[in-house]
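Q: My structure file protein32.txt, compact mmCIF, C-alpha atoms, is below:
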# COMPACT_ATOMS: atom_id res chain seq x y z
CA MET A 1 174.37 113.37 143.36
CA ALA A 2 173.54 114.54 146.86
CA SER A 3 175.27 117.85 146.28
CA SER A 4 173.27 118.48 143.12
CA TYR A 5 170.02 117.98 145.03
CA GLY A 6 171.38 120.42 147.59
CA LYS A 7 172.11 122.91 144.83
CA ILE A 8 168.61 122.58 143.40
CA LEU A 9 167.16 123.21 146.86
CA LYS A 10 169.39 126.23 147.45
CA ASP A 11 168.59 127.68 144.02
CA GLY A 12 164.86 127.39 144.55
CA LEU A 13 164.91 128.73 148.10
CA LEU A 14 167.41 131.55 147.82
CA VAL A 15 169.39 132.21 144.67
CA GLU A 16 166.52 131.94 142.21
CA ASN A 17 163.72 132.55 144.69
CA PRO A 18 160.55 132.52 142.57
CA ILE A 19 159.05 135.60 144.15
CA PHE A 20 161.98 138.00 144.36
CA ARG A 21 164.12 136.87 141.51
CA GLN A 22 161.57 135.81 138.94
CA VAL A 23 158.58 137.83 140.25
CA LEU A 24 156.18 134.96 139.64
CA GLY A 25 153.06 133.86 141.41
CA ILE A 26 152.51 137.00 143.40
CA CYS A 27 148.76 137.32 142.93
CA SER A 28 148.00 134.80 145.61
CA ALA A 29 151.04 135.94 147.57
CA LEU A 30 149.40 139.29 148.15
CA ALA A 31 145.86 138.15 148.75
CA VAL A 32 146.25 135.58 151.50
CA THR A 33 149.00 137.18 153.57
CA ASN A 34 146.80 139.17 155.95
CA LEU A 35 146.60 136.22 158.35
CA VAL A 36 149.36 133.73 159.08
CA THR A 37 146.91 130.81 159.27
CA ASN A 38 145.62 131.46 155.76
CA THR A 39 149.16 131.77 154.51
CA LEU A 40 150.20 128.43 155.97
CA PHE A 41 147.37 126.64 154.19
CA MET A 42 148.10 128.44 150.94
CA SER A 43 151.83 127.69 151.16
CA PHE A 44 151.11 124.04 151.77
CA GLY A 45 148.84 123.97 148.73
CA VAL A 46 151.35 125.65 146.44
CA THR A 47 154.30 123.54 147.60
CA PHE A 48 152.34 120.32 147.22
CA THR A 49 151.10 121.25 143.76
CA THR A 50 154.45 122.51 142.47
CA ALA A 51 156.34 119.43 143.65
CA LEU A 52 153.87 116.86 142.37
CA THR A 53 153.18 118.65 139.09
CA SER A 54 156.89 118.83 138.32
CA PHE A 55 157.21 115.15 139.18
CA THR A 56 154.27 114.11 137.00
CA ILE A 57 155.25 116.24 134.04
CA SER A 58 158.79 114.94 134.22
CA LEU A 59 157.50 111.36 134.23
CA LEU A 60 155.39 112.07 131.15
CA ARG A 61 157.86 114.39 129.43
CA ASN A 62 158.64 111.99 126.61
CA TYR A 63 155.00 111.20 125.90
CA ILE A 64 153.44 114.69 125.82
CA PRO A 65 153.28 116.03 122.25
CA VAL A 66 155.05 119.39 122.15
CA ARG A 67 152.20 121.22 120.45
CA ILE A 68 149.59 120.52 123.12
CA ARG A 69 151.89 120.49 126.13
CA MET A 70 150.40 123.67 127.61
CA ILE A 71 146.93 122.26 127.91
CA VAL A 72 148.24 118.95 129.24
CA GLN A 73 150.22 120.79 131.89
CA VAL A 74 147.23 122.90 132.88
CA ILE A 75 145.08 119.82 133.28
CA ILE A 76 147.69 118.06 135.43
CA ILE A 77 147.99 121.15 137.62
CA ALA A 78 144.22 121.52 137.86
CA ALA A 79 143.87 117.91 139.00
CA TYR A 80 146.27 118.43 141.92
CA VAL A 81 144.71 121.77 142.84
CA MET A 82 141.32 120.09 142.97
CA MET A 83 142.65 117.59 145.52
CA ILE A 84 144.08 120.40 147.65
CA ASP A 85 140.82 122.34 147.40
CA ILE A 86 138.78 119.39 148.63
CA LEU A 87 141.34 118.65 151.35
CA ILE A 88 141.36 122.19 152.76
CA LYS A 89 137.57 122.32 152.63
CA ALA A 90 137.42 119.16 154.74
CA VAL A 91 140.16 120.06 157.24
CA ALA A 92 139.51 123.77 157.76
CA PRO A 93 136.13 124.94 156.41
CA ASP A 94 136.54 128.38 158.01
CA VAL A 95 139.84 129.03 156.30
CA HIS A 96 138.44 127.68 153.07
CA ARG A 97 135.59 130.17 153.10
CA PHE A 98 138.10 132.99 152.87
CA ILE A 99 140.87 131.59 150.70
CA GLY A 100 138.69 129.25 148.61
CA PRO A 101 138.83 131.16 145.32
CA TYR A 102 142.54 131.78 145.77
CA VAL A 103 143.17 128.06 146.21
CA GLY A 104 141.53 127.57 142.84
CA LEU A 105 143.81 130.23 141.47
CA ILE A 106 146.87 128.12 142.24
CA ILE A 107 146.15 126.69 138.78
CA THR A 108 147.17 129.94 137.16
CA ASN A 109 150.08 130.49 139.53
CA CYS A 110 152.95 131.08 137.15
CA ILE A 111 155.52 129.42 139.41
CA ILE A 112 154.07 125.99 138.74
CA MET A 113 153.82 126.40 135.00
CA GLY A 114 157.23 128.08 134.96
CA ARG A 115 158.97 125.24 136.75
CA ALA A 116 157.20 122.68 134.59
CA GLU A 117 158.41 124.42 131.45
CA ALA A 118 161.89 125.41 132.61
CA PHE A 119 162.93 122.38 134.61
CA ALA A 120 160.61 119.38 134.65
CA SER A 121 160.22 119.06 130.90
CA GLN A 122 163.98 118.46 130.52
CA ASN A 123 164.95 116.61 133.68
CA LYS A 124 164.42 113.25 135.40
CA PRO A 125 161.50 112.82 137.82
CA LEU A 126 163.39 112.91 141.14
CA PRO A 127 165.37 116.12 140.53
CA SER A 128 162.13 117.65 139.23
CA LEU A 129 160.35 116.73 142.45
CA VAL A 130 163.12 118.37 144.48
CA ASP A 131 163.08 121.42 142.23
CA GLY A 132 159.32 121.81 142.58
CA LEU A 133 159.59 121.37 146.33
CA ALA A 134 162.39 123.94 146.59
CA ASN A 135 160.49 126.53 144.60
CA GLY A 136 157.33 125.89 146.58
CA LEU A 137 159.28 126.34 149.81
CA GLY A 138 160.97 129.47 148.50
CA TYR A 139 157.52 130.88 147.83
CA SER A 140 156.27 129.79 151.25
CA VAL A 141 159.15 131.39 153.18
CA VAL A 142 158.55 134.79 151.61
CA LEU A 143 154.80 134.55 152.06
CA ILE A 144 155.04 133.62 155.72
CA ALA A 145 157.49 136.45 156.37
CA ILE A 146 155.09 138.96 154.82
CA ALA A 147 152.12 137.47 156.64
CA VAL A 148 153.81 137.66 160.04
CA VAL A 149 154.56 141.36 159.59
CA ARG A 150 151.08 142.16 158.28
CA GLU A 151 149.20 140.24 160.94
CA VAL A 152 151.29 141.65 163.80
CA MET A 153 150.97 145.22 162.57
CA GLY A 154 147.36 145.00 161.46
CA PHE A 155 145.74 143.01 164.25
CA GLY A 156 148.41 142.71 166.94
CA THR A 157 148.12 138.93 166.81
CA ILE A 158 150.13 135.95 165.55
CA LEU A 159 148.21 132.90 164.37
CA GLY A 160 145.15 134.47 165.98
CA VAL A 161 146.83 134.75 169.43
CA ALA A 162 147.06 138.30 170.73
CA LEU A 163 150.42 139.80 171.66
CA PRO A 164 150.87 140.14 175.46
CA ALA A 165 148.96 143.10 176.89
CA ARG A 166 148.14 144.25 173.37
CA ASP A 167 145.45 146.72 174.36
CA LEU A 168 147.79 148.68 176.58
CA TRP A 169 150.51 149.60 174.13
CA TRP A 170 149.50 148.54 170.65
CA THR A 171 147.64 150.60 168.08
CA GLN A 172 146.46 148.56 165.13
CA TRP A 173 147.57 149.64 161.69
CA THR A 174 144.40 148.76 159.86
CA ILE A 175 145.98 149.70 156.56
CA MET A 176 148.35 146.73 156.84
CA VAL A 177 145.55 144.19 156.51
CA MET A 178 143.93 146.11 153.66
CA PRO A 179 145.14 145.70 150.07
CA PRO A 180 147.56 148.69 150.02
CA GLY A 181 149.41 147.24 153.00
CA ALA A 182 150.11 144.11 151.00
CA PHE A 183 151.50 146.08 148.09
CA PHE A 184 153.74 148.26 150.25
CA MET A 185 155.00 145.35 152.35
CA PHE A 186 155.76 143.36 149.25
CA ALA A 187 157.50 146.30 147.58
CA ILE A 188 159.74 146.79 150.61
CA MET A 189 160.67 143.09 150.74
CA THR A 190 161.47 143.07 147.02
CA TRP A 191 163.55 146.19 147.44
CA ILE A 192 165.63 144.68 150.27
CA ALA A 193 166.10 141.37 148.48
CA ARG A 194 167.07 142.98 145.18
CA ALA A 195 169.41 145.50 146.79
CA ARG A 196 171.30 142.61 148.41
CA LEU A 197 171.48 140.77 145.10
CA VAL A 198 172.90 143.84 143.39
CA LYS A 199 175.58 144.06 146.07
CA GLN A 200 176.45 140.39 145.71
CA GLU A 201 176.74 140.63 141.97
CA ALA A 202 178.98 143.67 142.23
CA SER A 203 181.42 142.05 144.68
CA MET B 1 114.81 134.36 144.71
CA THR B 2 117.91 136.37 144.26
CA PRO B 3 118.28 139.52 146.36
CA LEU B 4 118.69 141.55 143.21
CA ALA B 5 115.61 140.26 141.46
CA ASP B 6 113.38 143.14 142.51
CA MET B 7 115.66 145.74 140.98
CA SER B 8 115.05 146.71 137.42
CA LEU B 9 117.25 144.85 134.99
CA LEU B 10 119.20 147.83 133.79
CA SER B 11 120.00 149.31 137.17
CA SER B 12 121.20 145.99 138.58
CA PHE B 13 123.31 145.51 135.46
CA LEU B 14 124.87 148.94 135.94
CA LEU B 15 125.35 148.54 139.68
CA ILE B 16 127.18 145.26 139.29
CA PHE B 17 129.32 146.73 136.54
CA VAL B 18 130.35 149.72 138.64
CA SER B 19 130.95 147.71 141.78
CA ALA B 20 133.07 145.15 139.92
CA ALA B 21 135.06 147.87 138.19
CA PHE B 22 135.61 150.33 141.03
CA THR B 23 134.70 149.27 144.55
CA ASP B 24 135.97 145.73 144.12
CA ASN B 25 138.65 146.34 141.53
CA ILE B 26 140.02 142.98 140.53
CA LEU B 27 143.65 144.13 140.42
CA LEU B 28 143.77 146.59 143.29
CA ALA B 29 141.44 144.97 145.81
CA ARG B 30 141.54 141.28 144.86
CA PHE B 31 145.17 141.20 143.67
CA LEU B 32 144.42 139.22 140.53
CA GLY B 33 146.32 139.45 137.28
CA MET B 34 149.42 140.84 138.97
CA CYS B 35 151.95 138.75 137.07
CA SER B 36 150.95 139.89 133.62
CA CYS B 37 150.33 143.39 134.95
CA LEU B 38 153.91 143.73 136.20
CA GLY B 39 155.24 142.23 133.00
CA VAL B 40 153.23 144.17 130.44
CA SER B 41 152.53 147.56 132.01
CA LYS B 42 155.76 149.20 130.85
CA LYS B 43 154.00 151.13 128.08
CA VAL B 44 150.54 152.57 127.65
CA ASP B 45 149.75 151.06 124.25
CA THR B 46 150.65 147.49 125.22
CA SER B 47 148.68 147.99 128.43
CA ILE B 48 145.65 149.08 126.42
CA GLY B 49 146.04 146.11 124.08
CA LEU B 50 146.19 143.54 126.85
CA GLY B 51 143.48 145.34 128.80
CA THR B 52 141.07 145.25 125.87
CA ALA B 53 141.72 141.57 125.31
CA VAL B 54 141.07 140.92 129.00
CA ILE B 55 137.74 142.80 128.96
CA PHE B 56 136.56 140.75 126.00
CA VAL B 57 137.69 137.40 127.38
CA THR B 58 136.48 137.92 130.97
CA ALA B 59 133.03 139.00 129.85
CA CYS B 60 132.62 136.03 127.50
CA THR B 61 134.15 133.38 129.76
CA ALA B 62 132.19 134.59 132.79
CA ALA B 63 129.00 134.10 130.79
CA LEU B 64 130.13 130.74 129.37
CA ASN B 65 131.29 129.43 132.73
CA TYR B 66 128.04 130.57 134.31
CA LEU B 67 126.05 128.51 131.82
CA VAL B 68 128.33 125.49 132.18
CA TYR B 69 128.23 125.66 135.97
CA ARG B 70 124.51 126.28 136.35
CA TYR B 71 123.18 123.91 133.70
CA LEU B 72 125.84 121.19 133.52
CA LEU B 73 127.87 120.86 136.71
CA VAL B 74 125.21 121.59 139.36
CA PRO B 75 122.46 119.32 137.95
CA LEU B 76 124.97 116.48 137.56
CA GLY B 77 126.38 117.00 141.06
CA LEU B 78 129.86 117.62 139.68
CA ASP B 79 130.49 120.83 141.64
CA TYR B 80 133.99 119.68 142.65
CA LEU B 81 135.05 119.56 139.00
CA ARG B 82 134.51 123.30 138.57
CA LEU B 83 138.19 124.29 138.66
CA ILE B 84 139.24 121.95 135.90
CA THR B 85 136.13 122.74 133.84
CA PHE B 86 136.59 126.50 134.06
CA ILE B 87 140.24 126.43 133.05
CA VAL B 88 139.48 124.18 130.10
CA VAL B 89 136.65 126.47 128.99
CA ILE B 90 138.94 129.50 129.25
CA ALA B 91 141.83 127.84 127.42
CA ALA B 92 139.55 126.57 124.66
CA PHE B 93 137.84 129.95 124.31
CA THR B 94 141.07 131.93 123.99
CA GLN B 95 142.43 129.42 121.51
CA PHE B 96 139.23 129.65 119.49
CA VAL B 97 139.17 133.45 119.49
CA GLU B 98 142.81 133.56 118.45
CA MET B 99 142.06 131.31 115.49
CA VAL B 100 139.02 133.34 114.48
CA ILE B 101 140.64 136.76 114.54
CA GLU B 102 143.70 135.41 112.78
CA ARG B 103 141.45 134.54 109.84
CA VAL B 104 139.17 137.55 110.01
CA SER B 105 141.40 140.54 110.48
CA GLU B 106 145.16 140.81 110.43
CA LYS B 107 145.02 144.24 112.02
CA LEU B 108 142.98 142.99 114.95
CA TYR B 109 145.26 139.99 115.28
CA ASN B 110 148.33 142.17 115.59
CA ALA B 111 146.59 144.35 118.16
CA LEU B 112 144.97 141.67 120.31
CA GLY B 113 146.01 138.24 119.10
CA ILE B 114 149.51 138.28 120.54
CA PHE B 115 148.04 138.80 124.00
CA LEU B 116 145.62 135.91 123.91
CA PRO B 117 148.04 133.11 124.90
CA LEU B 118 149.10 135.27 127.86
CA ILE B 119 145.51 135.48 128.95
CA THR B 120 145.01 131.76 129.54
CA VAL B 121 147.29 131.97 132.55
CA ASN B 122 146.03 135.37 133.70
CA CYS B 123 144.46 134.71 137.08
CA ALA B 124 142.01 137.61 136.69
CA ILE B 125 140.00 135.59 134.17
CA LEU B 126 139.74 132.45 136.27
CA GLY B 127 139.32 134.60 139.36
CA ILE B 128 136.26 136.38 138.00
CA SER B 129 134.62 133.08 137.14
CA LEU B 130 135.31 131.78 140.66
CA PHE B 131 134.21 134.90 142.54
CA MET B 132 131.04 134.97 140.46
CA LEU B 133 129.94 131.71 142.11
CA ASN B 134 129.92 133.32 145.57
CA LYS B 135 127.00 135.53 144.60
CA PRO B 136 123.50 134.61 143.46
CA TYR B 137 123.75 136.18 140.02
CA SER B 138 121.47 135.64 137.06
CA PHE B 139 122.97 135.10 133.62
CA LEU B 140 122.94 138.78 132.64
CA GLN B 141 124.29 139.83 136.00
CA ALA B 142 127.13 137.34 135.67
CA PHE B 143 127.91 138.80 132.26
CA SER B 144 128.00 142.33 133.63
CA PHE B 145 130.18 141.17 136.53
CA GLY B 146 132.66 139.80 133.99
CA LEU B 147 132.47 142.96 131.90
CA GLY B 148 132.95 145.20 134.94
CA GLY B 149 135.80 143.15 136.31
CA GLY B 150 137.58 143.22 132.97
CA PHE B 151 137.03 146.97 132.67
CA GLY B 152 138.43 147.54 136.16
CA TRP B 153 141.55 145.60 135.21
CA PHE B 154 141.87 147.55 131.96
CA LEU B 155 141.59 150.84 133.84
CA ALA B 156 144.16 149.87 136.45
CA ILE B 157 146.76 148.55 134.01
CA THR B 158 146.40 151.55 131.69
CA LEU B 159 146.92 153.98 134.56
CA ILE B 160 149.91 152.02 135.82
CA GLY B 161 151.36 151.93 132.31
CA ALA B 162 151.06 155.70 132.01
CA ILE B 163 152.75 156.30 135.36
CA ARG B 164 155.54 153.84 134.58
CA GLU B 165 156.28 155.58 131.29
CA ARG B 166 157.08 158.72 133.23
CA ILE B 167 158.96 156.94 136.01
CA ASN B 168 161.32 155.33 133.52
CA GLU B 169 162.88 158.76 133.03
CA ALA B 170 163.73 159.12 136.70
CA THR B 171 166.71 157.58 138.47
CA LEU B 172 165.85 155.13 141.20
CA PRO B 173 167.85 153.12 143.74
CA ARG B 174 169.04 149.97 141.95
CA GLY B 175 167.04 147.55 144.08
CA LEU B 176 163.82 149.43 143.58
CA GLU B 177 163.84 149.40 139.78
CA GLY B 178 161.24 147.30 137.98
CA PRO B 179 158.86 145.36 140.22
CA GLY B 180 159.69 147.28 143.41
CA ILE B 181 158.59 150.71 142.26
CA THR B 182 155.65 149.28 140.33
CA LEU B 183 154.34 147.65 143.49
CA ILE B 184 154.59 150.96 145.33
CA ILE B 185 152.67 152.69 142.52
CA ILE B 186 150.00 150.01 142.70
CA GLY B 187 149.89 150.38 146.47
CA ILE B 188 149.23 154.11 146.22
CA MET B 189 146.56 153.50 143.57
CA ALA B 190 144.96 150.90 145.81
CA LEU B 191 144.80 153.52 148.57
CA GLY B 192 142.97 155.77 146.14
CA PHE B 193 140.54 153.05 145.16
CA ILE B 194 139.69 152.41 148.82
CA GLY B 195 137.91 155.74 148.52
CA PHE B 196 135.33 154.02 146.33
CA SER B 197 134.58 151.30 148.86
CA GLY B 198 131.33 151.57 150.71
CA MET B 199 129.85 153.50 147.79
CA ILE B 200 127.90 150.47 146.59
CA LYS B 201 127.10 147.35 148.57
CA ILE B 202 126.00 144.25 146.76
Represent the structure contained in this file as structure tokens.
A:
Amino acid sequence: MASSYGKILKDGLLVENPIFRQVLGICSALAVTNLVTNTLFMSFGVTFTTALTSFTISLLRNYIPVRIRMIVQVIIIAAYVMMIDILIKAVAPDVHRFIGPYVGLIITNCIIMGRAEAFASQNKPLPSLVDGLANGLGYSVVLIAIAVVREVMGFGTILGVALPARDLWWTQWTIMVMPPGAFFMFAIMTWIARARLVKQEAS
Amino acid sequence: MTPLADMSLLSSFLLIFVSAAFTDNILLARFLGMCSCLGVSKKVDTSIGLGTAVIFVTACTAALNYLVYRYLLVPLGLDYLRLITFIVVIAAFTQFVEMVIERVSEKLYNALGIFLPLITVNCAILGISLFMLNKPYSFLQAFSFGLGGGFGWFLAITLIGAIRERINEATLPRGLEGPGITLIIIGIMALGFIGFSGMIKI
């Protein structure tokens, strides 16, 4: 049993990484990655929501009528997102001012709905929880990687702390913190990830 | 008083429309609706179909959500319920519209109806309703914000669809096919749209 949990984790994090492999949930991925702090809060929100939504839907999977399952799922997701929204507002009001609308948009993040449909509606609660967690973490890893590159290049800082002697040698790439930077960065990451997958499949 | 109240109705309506469509393009500057954009933008005619459906739904749901928020949630002190309320309004509205056009016109249903279920989970729709709350809009202004946002999305996805149709004929590195090259196209378009920024400040 332990190995199967390990497999679910590995699938979510690497093999079937939601962002590269399935290209899901990238709206918020692009918007919040200009600062690492914002990204950490967003990642926490998505991971929490994905894990608990999968768990809840799996618990209820035999009681939800098939015809209205979409709306039931959306309401379950919305309930968790509401909790996260209130939590972030209380803990970090400054961060919330910027990422507030995007936290609300976790509801329409396709990863959550996708996992609920593909995995949680056919599996037992505990594996579903692990699956949700793994996919949430897979999303978080990619997001944080993008955010680190964008914040370092755009502002010369990490988590708001300036690189040593930044003013002497660093020229800020303002474009990296603007929308096009997000698209280019994300395209490059997808390219690298997919090129490696192609190689693996060929060998 | 709202800061826009002294402007004449028509000019504020137009200004909000243009700023929502161009300077603050929902897809290129706010990153919303990316999932369905990457999925659907392979051809121009499907892009136009989905785009039209999005314009219609954003404009109507922005207006509906404005009314619900202003006259139901705020007076009752239920501000924190806005997320769940908005998504239910949007889901119910798309479902309702789908049912209506299925009865009324088969042609319209084939053109737009198949896109409606996709729209419920399109973040651009929910996004417009949420961003609307950050600004002190009146009812008509909220409507024009929704209309402009939807139009901006329509414009972006149609352009992307047209470029992708041509790119499909070129050979690309294997890893770059599909989402990779589309993201680069969108990035270059976003650079272009930055040119609009600063044109209008609201």
Q: Give, as lines of an AutoDock Vina configuration file, the centre coordinates and the x, y and z edge lengths in Å to one decimal for an axis-aligned box around all listed atoms of stretch 148-159 of chain B, padded by 4 Å on each side.
A:
center_x = 139.9
center_y = 148.6
center_z = 134.1
size_x = 22.0
size_y = 18.8
size_z = 12.8
Q: Can you list every residue of chain A that has an atom at most 7 Å from chain B, with its nearest atom pair and the distance in Å to one decimal, using only C-alpha atoms, ordered by chain then number, as a tab-separated table?
A:
residue	atom	partner	partner_atom	distance
A:Leu24	CA	B:Cys35	CA	6.2
A:Gly25	CA	B:Cys35	CA	6.6
A:Ile26	CA	B:Cys35	CA	6.6
A:Cys27	CA	B:Leu32	CA	5.3
A:Leu30	CA	B:Phe31	CA	6.5
A:Ala31	CA	B:Phe31	CA	6.0
A:Ile75	CA	B:Ile84	CA	6.7
A:Ala78	CA	B:Ile84	CA	5.4
A:Ala79	CA	B:Ile84	CA	6.9
A:Met82	CA	B:Leu83	CA	6.8
A:Pro101	CA	B:Leu130	CA	5.9
A:Gly104	CA	B:Leu83	CA	6.3
A:Leu105	CA	B:Cys123	CA	6.3
A:Thr108	CA	B:Val121	CA	5.0
A:Pro179	CA	B:Ala29	CA	5.7
A:Pro180	CA	B:Gly187	CA	4.6
A:Phe183	CA	B:Gly187	CA	4.9
A:Phe184	CA	B:Ile184	CA	5.7
A:Ala187	CA	B:Gly180	CA	4.8
A:Thr190	CA	B:Gly180	CA	5.8
A:Trp191	CA	B:Gly175	CA	5.0
A:Ile192	CA	B:Gly175	CA	7.0
A:Arg194	CA	B:Gly175	CA	4.7
A:Ala195	CA	B:Gly175	CA	4.1
A:Val198	CA	B:Gly175	CA	7.0
Q: So, counting all atoms listed in the file, which residue among A:Asn38, A:Asn109, A:Gln200, A:Ser58 is closest to A:Pro127?
A: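 Once distances to A:Pro127 are computed over all atoms listed in the file, the minimum belongs to A:Ser58.
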Q: Using only C-alpha atoms, determine which residues lie at most 6 Å from stretch 172-178 of chain A, disregarding the query and same-chain residues fewer than 4 positions distant; provide the list as a list in words.
A: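 Surrounding residues, per the criterion: Asn34, Arg150, Met153, Gly154 and Phe155 of chain A.
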Q: How many Å separate atom CA of A:Cys110 from atom CA of B:Val97?
A: 22.5 Å
Q: Separation of atom CA of A:Met113 and atom CA of B:Arg103, in Å?
A: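 Interatomic distance, atom CA of A:Met113 to atom CA of B:Arg103: 29.2 Å.
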Q: Write only C-alpha atoms for stretch 90-156 of chain B from the block just shown, as an mmCIF file, in the first residue's frame.
A:
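Output saved as decode-v1.cif:
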data_model
loop_
_atom_site.group_PDB
_atom_site.id
_atom_site.type_symbol
_atom_site.label_atom_id
_atom_site.label_comp_id
_atom_site.auth_asym_id
_atom_site.auth_seq_id
_atom_site.Cartn_x
_atom_site.Cartn_y
_atom_site.Cartn_z
ATOM 1 C CA ILE B 90 -22.451 32.091 -13.454
ATOM 2 C CA ALA B 91 -23.153 28.350 -13.515
ATOM 3 C CA ALA B 92 -26.905 28.895 -13.332
ATOM 4 C CA PHE B 93 -26.801 31.572 -16.022
ATOM 5 C CA THR B 94 -24.831 29.477 -18.516
ATOM 6 C CA GLN B 95 -27.082 26.503 -17.868
ATOM 7 C CA PHE B 96 -30.149 28.673 -18.404
ATOM 8 C CA VAL B 97 -28.831 30.215 -21.616
ATOM 9 C CA GLU B 98 -27.914 26.797 -22.951
ATOM 10 C CA MET B 99 -31.454 25.576 -22.343
ATOM 11 C CA VAL B 100 -32.993 28.649 -23.944
ATOM 12 C CA ILE B 101 -30.972 28.623 -27.141
ATOM 13 C CA GLU B 102 -31.418 24.890 -27.473
ATOM 14 C CA ARG B 103 -35.164 25.504 -27.716
ATOM 15 C CA VAL B 104 -35.051 28.702 -29.731
ATOM 16 C CA SER B 105 -32.559 28.115 -32.493
ATOM 17 C CA GLU B 106 -30.726 24.982 -33.507
ATOM 18 C CA LYS B 107 -28.296 26.975 -35.608
ATOM 19 C CA LEU B 108 -27.334 29.202 -32.710
ATOM 20 C CA TYR B 109 -27.052 26.174 -30.455
ATOM 21 C CA ASN B 110 -24.584 24.500 -32.772
ATOM 22 C CA ALA B 111 -22.562 27.699 -33.019
ATOM 23 C CA LEU B 112 -22.536 28.753 -29.368
ATOM 24 C CA GLY B 113 -24.230 26.103 -27.255
ATOM 25 C CA ILE B 114 -21.394 23.599 -27.290
ATOM 26 C CA PHE B 115 -19.111 26.206 -25.747
ATOM 27 C CA LEU B 116 -21.349 27.113 -22.851
ATOM 28 C CA PRO B 117 -20.390 24.261 -20.478
ATOM 29 C CA LEU B 118 -16.741 25.179 -21.072
ATOM 30 C CA ILE B 119 -17.484 28.702 -19.995
ATOM 31 C CA THR B 120 -18.556 27.863 -16.454
ATOM 32 C CA VAL B 121 -14.971 26.981 -15.624
ATOM 33 C CA ASN B 122 -13.438 29.785 -17.685
ATOM 34 C CA CYS B 123 -11.689 31.987 -15.162
ATOM 35 C CA ALA B 124 -12.136 35.099 -17.319
ATOM 36 C CA ILE B 125 -15.830 35.195 -16.429
ATOM 37 C CA LEU B 126 -15.371 34.882 -12.686
ATOM 38 C CA GLY B 127 -12.314 37.110 -12.918
ATOM 39 C CA ILE B 128 -14.228 39.988 -14.481
ATOM 40 C CA SER B 129 -16.864 39.804 -11.770
ATOM 41 C CA LEU B 130 -14.151 39.867 -9.085
ATOM 42 C CA PHE B 131 -12.049 42.660 -10.589
ATOM 43 C CA MET B 132 -15.204 44.720 -11.027
ATOM 44 C CA LEU B 133 -15.537 44.925 -7.236
ATOM 45 C CA ASN B 134 -12.186 46.716 -6.905
ATOM 46 C CA LYS B 135 -13.578 49.775 -8.665
ATOM 47 C CA PRO B 136 -16.480 52.036 -7.740
ATOM 48 C CA TYR B 137 -18.586 51.305 -10.802
ATOM 49 C CA SER B 138 -22.242 52.069 -11.334
ATOM 50 C CA PHE B 139 -24.498 49.435 -12.861
ATOM 51 C CA LEU B 140 -24.009 50.581 -16.454
ATOM 52 C CA GLN B 141 -20.284 50.950 -15.982
ATOM 53 C CA ALA B 142 -20.084 47.425 -14.595
ATOM 54 C CA PHE B 143 -21.954 46.202 -17.656
ATOM 55 C CA SER B 144 -19.567 47.969 -20.000
ATOM 56 C CA PHE B 145 -16.602 46.594 -18.043
ATOM 57 C CA GLY B 146 -17.960 43.091 -18.615
ATOM 58 C CA LEU B 147 -18.624 43.807 -22.279
ATOM 59 C CA GLY B 148 -15.154 45.279 -22.801
ATOM 60 C CA GLY B 149 -13.422 42.478 -20.960
ATOM 61 C CA GLY B 150 -15.251 39.881 -23.013
ATOM 62 C CA PHE B 151 -14.433 41.730 -26.227
ATOM 63 C CA GLY B 152 -10.751 41.900 -25.291
ATOM 64 C CA TRP B 153 -10.725 38.153 -24.738
ATOM 65 C CA PHE B 154 -12.508 37.569 -28.044
ATOM 66 C CA LEU B 155 -9.969 39.728 -29.856
ATOM 67 C CA ALA B 156 -6.985 38.002 -28.283
#
